[in-house]
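Text of protein07.cif, listed as mmCIF, C-alpha atoms:
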data_query
#
loop_
_atom_site.label_atom_id
_atom_site.label_comp_id
_atom_site.auth_asym_id
_atom_site.auth_seq_id
_atom_site.Cartn_x
_atom_site.Cartn_y
_atom_site.Cartn_z
CA LEU Q 25 91.73 85.98 91.52
CA VAL Q 26 88.45 87.24 92.95
CA GLY Q 27 85.73 87.80 90.41
CA ASN Q 28 87.53 89.51 87.57
CA ILE Q 29 90.26 91.13 89.68
CA LEU Q 30 93.66 89.47 90.00
CA PHE Q 31 95.65 90.71 93.00
CA VAL Q 32 99.39 90.43 92.34
CA SER Q 33 102.00 90.09 95.10
CA GLY Q 34 104.86 92.51 95.48
CA HIS Q 35 107.43 91.67 92.79
CA GLY Q 36 111.10 92.67 92.70
CA ARG Q 37 113.23 89.59 93.24
CA ASN Q 38 114.60 87.10 90.70
CA LEU Q 39 114.59 89.65 87.89
CA PRO Q 40 115.85 88.81 84.41
CA ASP Q 41 119.49 89.81 83.74
CA LEU Q 42 118.73 92.56 81.25
CA PRO Q 43 120.97 95.60 80.64
CA GLY Q 44 120.88 98.02 83.56
CA VAL Q 45 118.79 95.78 85.83
CA LYS Q 46 119.97 95.84 89.44
CA HIS Q 47 119.17 93.03 91.85
CA ALA Q 48 119.84 95.16 94.94
CA GLY Q 49 120.76 98.66 96.02
CA LYS Q 50 119.26 102.04 96.76
CA VAL Q 51 118.54 104.91 94.37
CA PRO Q 52 120.52 107.06 93.81
CA ALA Q 53 123.46 106.00 96.02
CA ASP Q 54 123.92 102.54 94.48
CA VAL Q 55 121.61 102.64 91.47
CA SER Q 56 121.37 105.36 88.81
CA MET Q 57 118.11 106.79 87.44
CA GLU Q 58 118.60 104.83 84.20
CA GLU Q 59 119.28 101.60 86.08
CA GLY Q 60 116.29 102.23 88.33
CA TYR Q 61 114.05 102.69 85.29
CA ALA Q 62 115.42 99.49 83.71
CA THR Q 63 114.88 97.66 87.00
CA ALA Q 64 111.25 98.82 87.28
CA ARG Q 65 110.72 97.64 83.70
CA ALA Q 66 112.14 94.23 84.62
CA VAL Q 67 109.83 94.09 87.65
CA ALA Q 68 106.87 94.67 85.32
CA LEU Q 69 108.13 91.89 83.06
CA SER Q 70 108.33 89.54 86.05
CA MET Q 71 104.74 90.49 87.00
CA LEU Q 72 103.66 89.56 83.48
CA ALA Q 73 105.48 86.23 83.85
CA SER Q 74 103.52 85.58 87.07
CA LEU Q 75 100.27 86.43 85.27
CA LYS Q 76 101.09 83.90 82.57
CA GLN Q 77 101.95 81.26 85.17
CA GLU Q 78 98.73 81.90 87.10
CA LEU Q 79 96.34 82.26 84.17
CA GLY Q 80 98.01 79.96 81.64
CA ASP Q 81 97.34 82.44 78.85
CA LEU Q 82 98.02 86.20 78.78
CA ASP Q 83 95.00 86.62 76.50
CA ARG Q 84 92.92 86.38 79.65
CA VAL Q 85 94.35 89.73 80.87
CA ARG Q 86 91.91 92.48 79.96
CA ARG Q 87 93.76 95.45 81.46
CA LEU Q 88 95.95 96.80 84.21
CA ILE Q 89 93.98 98.43 87.03
CA ARG Q 90 96.59 99.76 89.42
CA LEU Q 91 100.27 99.70 90.35
CA PHE Q 92 101.77 100.43 93.75
CA GLY Q 93 105.43 101.15 93.04
CA MET Q 94 108.00 101.29 95.82
CA VAL Q 95 111.56 102.50 95.31
CA ASN Q 96 114.35 101.75 97.78
CA VAL Q 97 115.76 105.23 98.32
CA THR Q 98 118.55 107.05 100.09
CA PRO Q 99 117.44 110.14 102.03
CA GLY Q 100 116.56 113.16 99.92
CA PHE Q 101 115.70 111.31 96.71
CA ASP Q 102 112.19 112.19 95.54
CA ARG Q 103 112.05 111.30 91.83
CA MET Q 104 110.34 107.92 92.34
CA PRO Q 105 107.78 108.49 89.56
CA GLU Q 106 110.55 108.58 86.93
CA ILE Q 107 111.76 105.19 88.18
CA ILE Q 108 108.33 103.56 88.27
CA ASP Q 109 107.70 104.89 84.74
CA GLY Q 110 109.83 101.91 83.67
CA ALA Q 111 106.97 99.64 84.70
CA SER Q 112 104.17 101.90 83.47
CA ASP Q 113 105.80 102.34 80.05
CA PHE Q 114 106.21 98.57 79.78
CA PHE Q 115 102.52 97.93 80.43
CA PHE Q 116 101.52 100.69 77.98
CA GLU Q 117 103.61 98.93 75.32
CA VAL Q 118 102.29 95.44 76.11
CA LEU Q 119 98.63 96.21 76.78
CA GLY Q 120 98.23 99.35 74.68
CA PRO Q 121 97.28 102.91 75.66
CA VAL Q 122 93.71 102.00 76.73
CA ASN Q 123 94.15 98.70 78.58
CA GLY Q 124 97.60 99.66 79.83
CA LYS Q 125 96.31 102.86 81.47
CA HIS Q 126 96.26 102.51 85.25
CA ALA Q 127 95.91 104.16 88.63
CA ARG Q 128 99.34 104.50 90.19
CA THR Q 129 101.20 105.33 93.38
CA ALA Q 130 104.99 105.70 93.39
CA VAL Q 131 106.72 106.20 96.74
CA GLY Q 132 110.09 105.90 98.50
CA MET Q 133 110.63 103.18 101.06
CA ALA Q 134 112.99 103.08 104.02
CA GLU Q 135 113.91 99.45 103.25
CA LEU Q 136 112.80 96.72 100.86
CA PRO Q 137 113.31 92.98 101.39
CA HIS Q 138 116.79 91.69 100.47
CA CYS Q 139 117.63 95.32 99.64
CA ILE Q 140 115.93 95.02 96.25
CA THR Q 141 115.77 98.30 94.32
CA VAL Q 142 112.13 98.33 93.21
CA GLU Q 143 109.06 96.46 94.44
CA ILE Q 144 105.69 96.71 92.73
CA ASN Q 145 102.33 95.11 93.45
CA GLY Q 146 99.03 95.71 91.71
CA GLU Q 147 95.70 94.57 90.36
CA PHE Q 148 94.71 93.44 86.88
CA GLU Q 149 91.28 92.94 85.34
CA ILE Q 150 90.81 89.47 83.88
CA TYR Q 151 88.20 88.45 81.29
CA ALA Q 152 85.37 86.51 82.90
CA LEU O 20 86.71 101.59 87.36
CA VAL O 21 86.23 97.83 87.63
CA GLY O 22 82.69 96.75 88.34
CA ASN O 23 81.58 99.14 91.04
CA ILE O 24 85.03 99.84 92.49
CA LEU O 25 86.97 102.92 91.41
CA PHE O 26 90.70 102.68 92.14
CA VAL O 27 92.19 106.13 92.69
CA SER O 28 95.86 106.98 92.08
CA GLY O 29 98.06 108.42 94.78
CA HIS O 30 97.18 112.12 95.12
CA GLY O 31 99.25 114.84 96.75
CA ARG O 32 100.49 117.21 94.05
CA ASN O 33 98.85 120.32 92.60
CA LEU O 34 96.86 121.00 95.74
CA PRO O 35 94.58 124.03 96.09
CA ASP O 36 96.19 127.01 97.83
CA LEU O 37 94.06 126.87 100.95
CA PRO O 38 95.19 128.13 104.40
CA GLY O 39 97.85 125.86 105.92
CA VAL O 40 98.26 123.69 102.83
CA LYS O 41 101.89 122.81 102.14
CA HIS O 42 103.09 121.75 98.70
CA ALA O 43 106.27 120.14 100.02
CA GLY O 44 108.11 119.31 103.23
CA LYS O 45 108.32 116.76 105.98
CA VAL O 46 106.31 116.55 109.19
CA PRO O 47 107.22 117.82 111.75
CA ALA O 48 110.54 119.40 110.65
CA ASP O 49 109.08 121.55 107.87
CA VAL O 50 105.34 121.18 108.34
CA SER O 51 103.36 121.51 111.58
CA MET O 52 100.61 119.13 112.73
CA GLU O 53 97.97 121.73 111.82
CA GLU O 54 99.48 122.27 108.38
CA GLY O 55 99.76 118.52 107.86
CA TYR O 56 96.08 118.09 108.71
CA ALA O 57 95.11 120.93 106.33
CA THR O 58 97.28 119.36 103.63
CA ALA O 59 95.66 115.93 104.03
CA ARG O 60 92.27 117.64 103.76
CA ALA O 61 93.38 119.33 100.53
CA VAL O 62 94.57 115.95 99.19
CA ALA O 63 91.09 114.54 99.84
CA LEU O 64 89.58 117.52 98.03
CA SER O 65 91.85 116.84 95.04
CA MET O 66 90.77 113.17 95.08
CA LEU O 67 87.16 114.34 94.93
CA ALA O 68 88.04 116.58 91.98
CA SER O 69 89.51 113.56 90.18
CA LEU O 70 86.34 111.56 90.90
CA LYS O 71 84.25 114.32 89.36
CA GLN O 72 86.52 114.48 86.31
CA GLU O 73 86.41 110.69 85.86
CA LEU O 74 82.71 110.13 86.57
CA GLY O 75 81.28 113.41 85.35
CA ASP O 76 78.93 113.56 88.31
CA LEU O 77 79.73 113.07 92.00
CA ASP O 78 76.24 111.62 92.50
CA ARG O 79 77.65 108.41 91.08
CA VAL O 80 79.87 108.02 94.18
CA ARG O 81 78.12 105.69 96.63
CA ARG O 82 80.76 105.58 99.36
CA LEU O 83 84.41 105.59 100.29
CA ILE O 84 85.84 102.09 100.75
CA ARG O 85 89.42 102.64 101.84
CA LEU O 86 92.22 105.19 102.16
CA PHE O 87 95.95 104.49 102.22
CA GLY O 88 97.48 107.62 103.73
CA MET O 89 101.21 108.28 103.58
CA VAL O 90 102.91 111.08 105.47
CA ASN O 91 106.40 112.32 104.58
CA VAL O 92 108.06 112.20 107.99
CA THR O 93 111.30 113.05 109.73
CA PRO O 94 112.67 110.26 111.96
CA GLY O 95 110.84 109.75 115.23
CA PHE O 96 107.47 111.20 114.17
CA ASP O 97 104.70 108.68 114.71
CA ARG O 98 101.46 110.68 114.80
CA MET O 99 100.50 110.00 111.18
CA PRO O 100 96.87 109.17 112.02
CA GLU O 101 96.23 112.72 113.27
CA ILE O 102 97.50 114.07 109.93
CA ILE O 103 95.47 111.69 107.75
CA ASP O 104 92.38 112.56 109.84
CA GLY O 105 92.30 115.69 107.68
CA ALA O 106 91.28 113.51 104.75
CA SER O 107 89.02 111.19 106.74
CA ASP O 108 87.15 114.10 108.33
CA PHE O 109 86.67 115.67 104.90
CA PHE O 110 85.08 112.52 103.48
CA PHE O 111 82.86 112.14 106.59
CA GLU O 112 81.62 115.68 105.96
CA VAL O 113 81.07 115.24 102.22
CA LEU O 114 79.71 111.68 102.14
CA GLY O 115 78.15 111.51 105.62
CA PRO O 116 78.90 109.21 108.56
CA VAL O 117 77.69 106.03 106.81
CA ASN O 118 79.03 106.41 103.26
CA GLY O 119 82.09 108.31 104.44
CA LYS O 120 83.13 105.53 106.81
CA HIS O 121 86.17 103.68 105.48
CA ALA O 122 88.96 101.22 106.11
CA ARG O 123 92.21 103.13 106.59
CA THR O 124 95.95 102.79 106.87
CA ALA O 125 98.11 105.78 107.87
CA VAL O 126 101.88 105.36 107.78
CA GLY O 127 105.15 107.30 107.61
CA MET O 128 107.21 107.25 104.44
CA ALA O 129 110.95 107.70 103.98
CA GLU O 130 110.34 109.87 100.90
CA LEU O 131 107.42 110.97 98.73
CA PRO O 132 107.66 112.21 95.13
CA HIS O 133 108.67 115.86 94.75
CA CYS O 134 108.93 115.91 98.55
CA ILE O 135 105.16 116.33 98.88
CA THR O 136 103.90 116.22 102.46
CA VAL O 137 100.97 113.81 102.14
CA GLU O 138 100.05 111.22 99.53
CA ILE O 139 96.80 109.27 99.63
CA ASN O 140 95.32 106.63 97.35
CA GLY O 141 92.14 104.64 97.79
CA GLU O 142 89.04 102.94 96.51
CA PHE O 143 85.49 104.21 96.18
CA GLU O 144 82.26 102.34 95.51
CA ILE O 145 80.35 103.68 92.54
CA TYR O 146 76.64 103.17 91.82
CA ALA O 147 76.13 100.57 89.08
CA LEU I 6 82.51 95.09 102.41
CA VAL I 7 81.98 95.65 98.70
CA GLY I 8 80.45 92.72 96.86
CA ASN I 9 82.37 89.76 98.23
CA ILE I 10 85.56 91.66 99.10
CA LEU I 11 86.15 92.87 102.64
CA PHE I 12 88.78 95.63 102.87
CA VAL I 13 90.50 95.56 106.25
CA SER I 14 92.15 98.61 107.85
CA GLY I 15 95.77 98.63 108.89
CA HIS I 16 96.03 96.66 112.15
CA GLY I 17 98.88 96.75 114.67
CA ARG I 18 97.63 98.44 117.84
CA ASN I 19 95.94 96.93 120.88
CA LEU I 20 97.51 93.54 120.35
CA PRO I 21 96.91 90.64 122.74
CA ASP I 22 99.61 90.19 125.39
CA LEU I 23 101.01 86.93 124.06
CA PRO I 24 104.61 85.76 124.53
CA GLY I 25 107.05 87.82 122.46
CA VAL I 26 104.46 90.34 121.27
CA LYS I 27 105.78 93.89 121.24
CA HIS I 28 103.48 96.90 121.36
CA ALA I 29 106.12 99.29 120.04
CA GLY I 30 109.68 99.42 118.74
CA LYS I 31 111.72 98.94 115.62
CA VAL I 32 113.24 95.75 114.21
CA PRO I 33 116.00 94.86 114.90
CA ALA I 34 117.15 97.64 117.28
CA ASP I 35 114.32 97.24 119.80
CA VAL I 36 112.59 94.07 118.65
CA SER I 37 114.22 90.72 117.77
CA MET I 38 113.34 88.59 114.75
CA GLU I 39 111.45 86.15 116.98
CA GLU I 40 109.52 88.95 118.68
CA GLY I 41 108.77 90.52 115.29
CA TYR I 42 107.38 87.22 114.04
CA ALA I 43 105.25 86.82 117.19
CA THR I 44 104.02 90.39 116.79
CA ALA I 45 103.02 89.86 113.14
CA ARG I 46 101.15 86.74 114.25
CA ALA I 47 99.31 88.78 116.89
CA VAL I 48 98.44 91.41 114.26
CA ALA I 49 96.87 88.64 112.15
CA LEU I 50 94.92 87.46 115.19
CA SER I 51 93.62 91.00 115.74
CA MET I 52 92.58 91.16 112.06
CA LEU I 53 90.61 87.96 112.57
CA ALA I 54 88.97 89.52 115.64
CA SER I 55 87.92 92.49 113.49
CA LEU I 56 86.51 90.11 110.87
CA LYS I 57 84.44 88.39 113.54
CA GLN I 58 83.20 91.72 114.89
CA GLU I 59 82.28 92.96 111.39
CA LEU I 60 80.74 89.76 110.02
CA GLY I 61 79.36 88.25 113.22
CA ASP I 62 80.52 84.80 112.18
CA LEU I 63 83.93 83.73 110.86
CA ASP I 64 82.22 81.04 108.76
CA ARG I 65 81.41 83.86 106.33
CA VAL I 66 85.16 84.22 105.52
CA ARG I 67 85.90 82.25 102.36
CA ARG I 68 89.59 83.05 101.99
CA LEU I 69 92.38 85.56 102.37
CA ILE I 70 93.10 87.51 99.19
CA ARG I 71 96.07 89.71 100.04
CA LEU I 72 98.19 91.10 102.85
CA PHE I 73 100.22 94.30 102.82
CA GLY I 74 102.70 93.90 105.66
CA MET I 75 104.72 96.82 106.97
CA VAL I 76 107.58 96.44 109.42
CA ASN I 77 108.95 99.36 111.43
CA VAL I 78 112.66 99.05 110.71
CA THR I 79 115.97 100.56 111.62
CA PRO I 80 118.23 101.36 108.63
CA GLY I 81 119.84 98.38 106.95
CA PHE I 82 117.30 95.75 108.04
CA ASP I 83 115.89 93.95 105.00
CA ARG I 84 114.42 90.68 106.32
CA MET I 85 110.81 91.93 106.47
CA PRO I 86 109.38 88.78 104.82
CA GLU I 87 110.53 86.61 107.75
CA ILE I 88 108.66 88.93 110.13
CA ILE I 89 105.43 89.05 108.10
CA ASP I 90 105.57 85.24 107.84
CA GLY I 91 104.14 85.35 111.38
CA ALA I 92 100.87 86.63 109.90
CA SER I 93 100.96 84.45 106.78
CA ASP I 94 101.63 81.30 108.80
CA PHE I 95 98.73 82.17 111.12
CA PHE I 96 96.28 82.49 108.22
CA PHE I 97 97.55 79.25 106.65
CA GLU I 98 96.81 77.53 109.96
CA VAL I 99 93.37 79.10 110.44
CA LEU I 100 92.09 79.04 106.85
CA GLY I 101 94.07 76.08 105.50
CA PRO I 102 96.61 75.87 102.67
CA VAL I 103 94.09 76.69 99.91
CA ASN I 104 91.95 79.45 101.43
CA GLY I 105 94.87 80.79 103.46
CA LYS I 106 97.05 81.26 100.37
CA HIS I 107 97.38 84.93 99.49
CA ALA I 108 99.13 87.60 97.48
CA ARG I 109 101.56 89.45 99.72
CA THR I 110 103.82 92.47 99.98
CA ALA I 111 106.22 92.86 102.92
CA VAL I 112 108.17 96.11 103.20
CA GLY I 113 110.10 98.29 105.65
CA MET I 114 108.62 101.57 106.80
CA ALA I 115 110.37 104.72 108.01
CA GLU I 116 107.78 105.15 110.78
CA LEU I 117 104.53 103.53 111.88
CA PRO I 118 101.86 105.19 114.04
CA HIS I 119 102.57 105.14 117.79
CA CYS I 120 105.85 103.43 116.89
CA ILE I 121 104.08 100.07 116.54
CA THR I 122 106.31 97.28 115.26
CA VAL I 123 104.13 95.75 112.56
CA GLU I 124 101.13 97.05 110.63
CA ILE I 125 99.17 94.92 108.19
CA ASN I 126 96.13 95.63 106.03
CA GLY I 127 94.50 93.38 103.48
CA GLU I 128 91.49 92.01 101.68
CA PHE I 129 89.42 88.91 102.36
CA GLU I 130 86.85 87.15 100.19
CA ILE I 131 83.50 86.69 101.93
CA TYR I 132 80.79 84.19 100.97
CA ALA I 133 77.91 85.92 99.18
#
Just give me the structure as structure tokens.
Amino acid sequence: LVGNILFVSGHGRNLPDLPGVKHAGKVPADVSMEEGYATARAVALSMLASLKQELGDLDRVRRLIRLFGMVNVTPGFDRMPEIIDGASDFFFEVLGPVNGKHARTAVGMAELPHCITVEINGEFEIYA
Amino acid sequence: LVGNILFVSGHGRNLPDLPGVKHAGKVPADVSMEEGYATARAVALSMLASLKQELGDLDRVRRLIRLFGMVNVTPGFDRMPEIIDGASDFFFEVLGPVNGKHARTAVGMAELPHCITVEINGEFEIYA
Amino acid sequence: LVGNILFVSGHGRNLPDLPGVKHAGKVPADVSMEEGYATARAVALSMLASLKQELGDLDRVRRLIRLFGMVNVTPGFDRMPEIIDGASDFFFEVLGPVNGKHARTAVGMAELPHCITVEINGEFEIYA
């Protein structure tokens, strides 16, 4: 936390066991579009859990600034934005259409650690 | 916009149809060095268009802070900096040598959304 | 430098010739885990050299905010965090466990410029 900006590490491991969530594998060879979306949503949930742990209270979160979404892809797959929408949609729901609006980048990686499917980092604005 | 820092999403789609600009394809298999440079320049132009849309007036832009430039590459290509120079040179021209100077990262991606050739995000400093 | 945040370019070239440091090559095909770790540590050292050059005095560095670590990988390698630990461990040693603590992302890239082995960018907090 620097000033009112909280920099959040890349998340993607130790995800909750929700329907469709994959703990490893590449899209689309090992992981379907629907599973990728569910996994990105779970990554966003785990980011929110880290925010709560760091800040003590989610009421301190004013808004999401930016997400950098990385999808573990097999060659030729280029629909990363539809996967990372799982995270964006989650933050829209939790923070609302104004405070959940964010700058975003969604790209395809050669490899992610422990062959996780989605990794996302970002920045949040915190109330002073 | 948080304080005086504007976080800009990854740009690279819907580029202007200028000479050499490619809307998709990997460097160097599908896109030449010259075309890659022209495409990175067009990405920078589209970032500037987003700044104008967001801020209303480009006079509010004080300087460029940082660019993260991603080139869609075929295996073995490692001259990404020469491609992203298209964007850096554009901002030097528009903002001048002092305010156009920026921190930069230029890397090669496995895949970019919709198989675009160049994607760039970044941060700008805005006048208070 | 914007306010108290210093944005640092991607580092990874012109590394010091220390034991195990590699100036090019992919992990693990060309570069071992130990060499990758040593190389990431050298990248961190070169970031510190840039901080000194920019700020004049390293006493102005308050703490490390975030690292984005990129490892040049051959397909199937997914132990990027162990490589980037070379940089994280270095900053823990130099800045201490409190000010050296940082948000981090460690991922595998398809290609890095000039086939360098590790590239890292990041943000530091500077005393006002």
Next on the checklist: Taking 4 positions as the minimum chain separation for residues in the same chain, which residues sit within 7 Å of Asp104 of chain O when counting all atoms listed in the file? Answer as a ChimeraX atom specification.
Outcome noted: /O:56,100,108
Next on the checklist: Could you work out which residues of chain I fall inside 10 Å of chain Q? Count all atoms listed in the file, and format the result as number ranges by chain.
Outcome noted: I: 8-10, 70-73, 76-87, 107-116, 128-130
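Coordinates place atom CA of Asp35 of chain I at a distance of 9.2 Å from atom CA of Thr122 of chain I.
You will find atom CA of Asn104 of chain I at 6.2 Å from atom CA of Leu69 of chain I.
Listed by chain and then by number, the residues chosen by the PyMOL selection byres ((chain I and resi 51-65) around 7) in this file are His16, Leu20, Ala47, Val48, Ala49, Leu50, Val66, Arg67, Ile131 and Tyr132 of chain I.
Here the question is which of Q:Ile107, Q:Arg37, Q:Phe116, Q:Lys125 gets nearest to Val51 of chain Q using only C-alpha atoms, and that residue is Q:Ile107.
Relative to atom CA of Glu40 of chain I, atom CA of Val99 of chain I is found at 20.6 Å.
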Item to check | Residue contacts of Thr58 of chain O (10 Å, only C-alpha atoms) excluding same-chain residues fewer than 6 positions away, as a PyMOL selection string | outcome: chain O and resi 31+34-43+50+52+64+102-103+105-106+135-138
